[in-house]
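Engineer: My questions all concern the structure below.
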Amino acid sequence: MIKYILLLLFTFKSFGEEIRQLDLRRSLILAENAIKKNYYLASLPFIKEAMVITKSPNEKLDEVIDRVLEVVGLAQFRFLPEDVLINSNSLFSKVVLAKKLIDSKKINDAKDIITDINDSHYIASLAYQIRGTIQMLTSEFDSARNSYKQCVTVAQKRKKQYKKSDTRYEYFEFIESTCDISIARAYYKEGKFIEALNEYSKVDMRSYLFPSSLLESAWTLYRLEDYQTSIGRTIAFRAPFLKDYFYPETEQLIAMSFFKICHWDEVKDTLKYFDDKHYNNARALIKYLDKNTLKESKVL
């Protein structure tokens, strides 16, 4: 009797596996048909269905994921659960999973996700950036800087494949800039302020992150007790070419630097400048948030 029960269970298990494989093939066929017609977004439900069905990495599925996410972007996988993403060997899936694990403070788990990176992959530069972030969080500063340098190199090569008017050129230029400034941030976090300052000085003025590098270099100078140069860097945010950037923290740093060199009148002037510039806008924002009953107003 037990023999027949075991045979029956085995039969049901085998039948269930066959059904699962049929469902997987069906989902992949439907996804590929949509892709052939350039309906990339329409293929996503079938791809996600296939990812849920499969219990282990599937090479064909990973190829489809790579083709589609190169067009539609990573955001489409943002809400997939970790136990679904873990079954894919696509670098897109791994990057999304690593970011989710970082956000969940599962740094050691994230560290095991992005190991081998194929430099020719579309998002190899982003993968290096994520790996560098993980290494920064685990205080592996030399490794982090190496990852960021690889990110810069790969992003530079990739962006050259596109015209400057192409959004993909801008995308890889932004990744390049982010990794570039991250090298300086790794030195800063390690407490190597001279090295950090040298790296900040390499950030191109045309970079998206030049204003951030300017402020961060000013903080570095403050840590080096070079208060007057720090003031010079932060005062630049009052110049017309930086007026559209919102960095209220600069006035705090200016006031702190003046305080350190005992320029009391300048401290008071800076605080007054801050109030005149930001107080009314802050009150207007609080009023708007209160009117719309948003929780963020309580933070302000």
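A note on labels: chains of the structure tokens are A, B, ... as shown, every chain counts residues from 1, and ligands are counted from 1 in their shown order.
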Residues within 9 Å of range 40-51 of chain A, please, as a PyMOL selection string. Count only C-alpha atoms; anything in the same chain fewer than 4 positions from it doesn't count.
Structural biologist: chain A and resi 23-36+55-58+61+64-65+67-69+71-72+76-77+80+84-85+87-88
Engineer: Which residues are near range 124-138 of chain A? Cut-off 6 Å, only C-alpha atoms, ignore same chain within fewer than 3 positions. Put them as an MDAnalysis selection string.
Structural biologist: chainID A and resid 119 121 141 144 147:148 151 154:155
Engineer: Pull N, CA and C atoms from the residues just selected and write them as a short mmCIF file (atom, residue, chain, number, x, y, z; two decimals), in the first residue's frame.
Structural biologist:
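What landed in selection36.cif:
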data_model
loop_
_atom_site.label_atom_id
_atom_site.label_comp_id
_atom_site.auth_asym_id
_atom_site.auth_seq_id
_atom_site.Cartn_x
_atom_site.Cartn_y
_atom_site.Cartn_z
N ASP A 119 32.23 43.30 -18.35
CA ASP A 119 32.37 44.72 -18.71
C ASP A 119 31.57 45.10 -19.96
N HIS A 121 28.55 44.18 -20.60
CA HIS A 121 27.12 44.24 -20.32
C HIS A 121 26.66 45.69 -20.25
N PHE A 141 37.65 50.23 1.86
CA PHE A 141 37.81 51.46 1.09
C PHE A 141 38.67 51.29 -0.16
N ALA A 144 36.56 49.53 -2.67
CA ALA A 144 35.49 50.44 -3.14
C ALA A 144 36.03 51.39 -4.19
N SER A 147 36.50 49.62 -7.43
CA SER A 147 35.21 49.40 -8.10
C SER A 147 34.73 50.68 -8.77
N TYR A 148 34.87 51.80 -8.08
CA TYR A 148 34.45 53.08 -8.66
C TYR A 148 35.30 53.45 -9.87
N CYS A 151 34.09 51.47 -12.67
CA CYS A 151 32.82 52.07 -13.09
C CYS A 151 33.06 53.23 -14.04
N VAL A 154 34.39 51.92 -17.51
CA VAL A 154 33.36 51.24 -18.31
C VAL A 154 32.32 52.24 -18.79
N ALA A 155 31.92 53.19 -17.94
CA ALA A 155 30.91 54.19 -18.32
C ALA A 155 31.44 55.09 -19.44
#
Engineer: Mind giving me the straight-line distance from CA of Tyr247 in chain A to CA of Arg206 in chain A in Å, one decimal?
Structural biologist: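 Distance reported for this atom pair: 17.9 Å.
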Engineer: Which one of A:Phe258, A:Tyr122, A:Tyr169, A:Phe210 sits closest to Ala236 in chain A if you count only C-alpha atoms?
Structural biologist: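 Between A:Phe258, A:Tyr122, A:Tyr169, A:Phe210, the residue approaching Ala236 in chain A most closely is A:Phe210.
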Engineer: Leaving out Thr229 in chain A and any residue of its chain fewer than 4 positions from it, which residues lie within 8 Å of it when counting only C-alpha atoms, given as an NGL selection string?
Structural biologist: :A and (218 or 221 or 233)
Engineer: I need the residues in range 152-229 of chain A that are alpha helix (DSSP H) according to DSSP; give them as an MDAnalysis selection string.
Structural biologist: chainID A and resid 152:159 167:190 193:200 210:223 227:229
Engineer: Would you work out the distance separating CA of Lys164 in chain A from CA of Leu209 in chain A, expressed in Å to one decimal?
Structural biologist: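 Between CA of Lys164 in chain A and CA of Leu209 in chain A the gap works out to 17.8 Å.
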Engineer: One decimal, in Å: what's the spacing between CA of Tyr208 in chain A and CA of Lys277 in chain A?
Structural biologist: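 That distance, rounded to one decimal, is 24.2 Å.
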Engineer: Mind checking which residues fall within 12 Å of Ala98 in chain A, counting only C-alpha atoms, ignoring those fewer than 2 positions away in the same chain, and posting them as a ChimeraX atom specification?
Structural biologist: /A:78,81-82,85-86,91-96,100-115,126-134
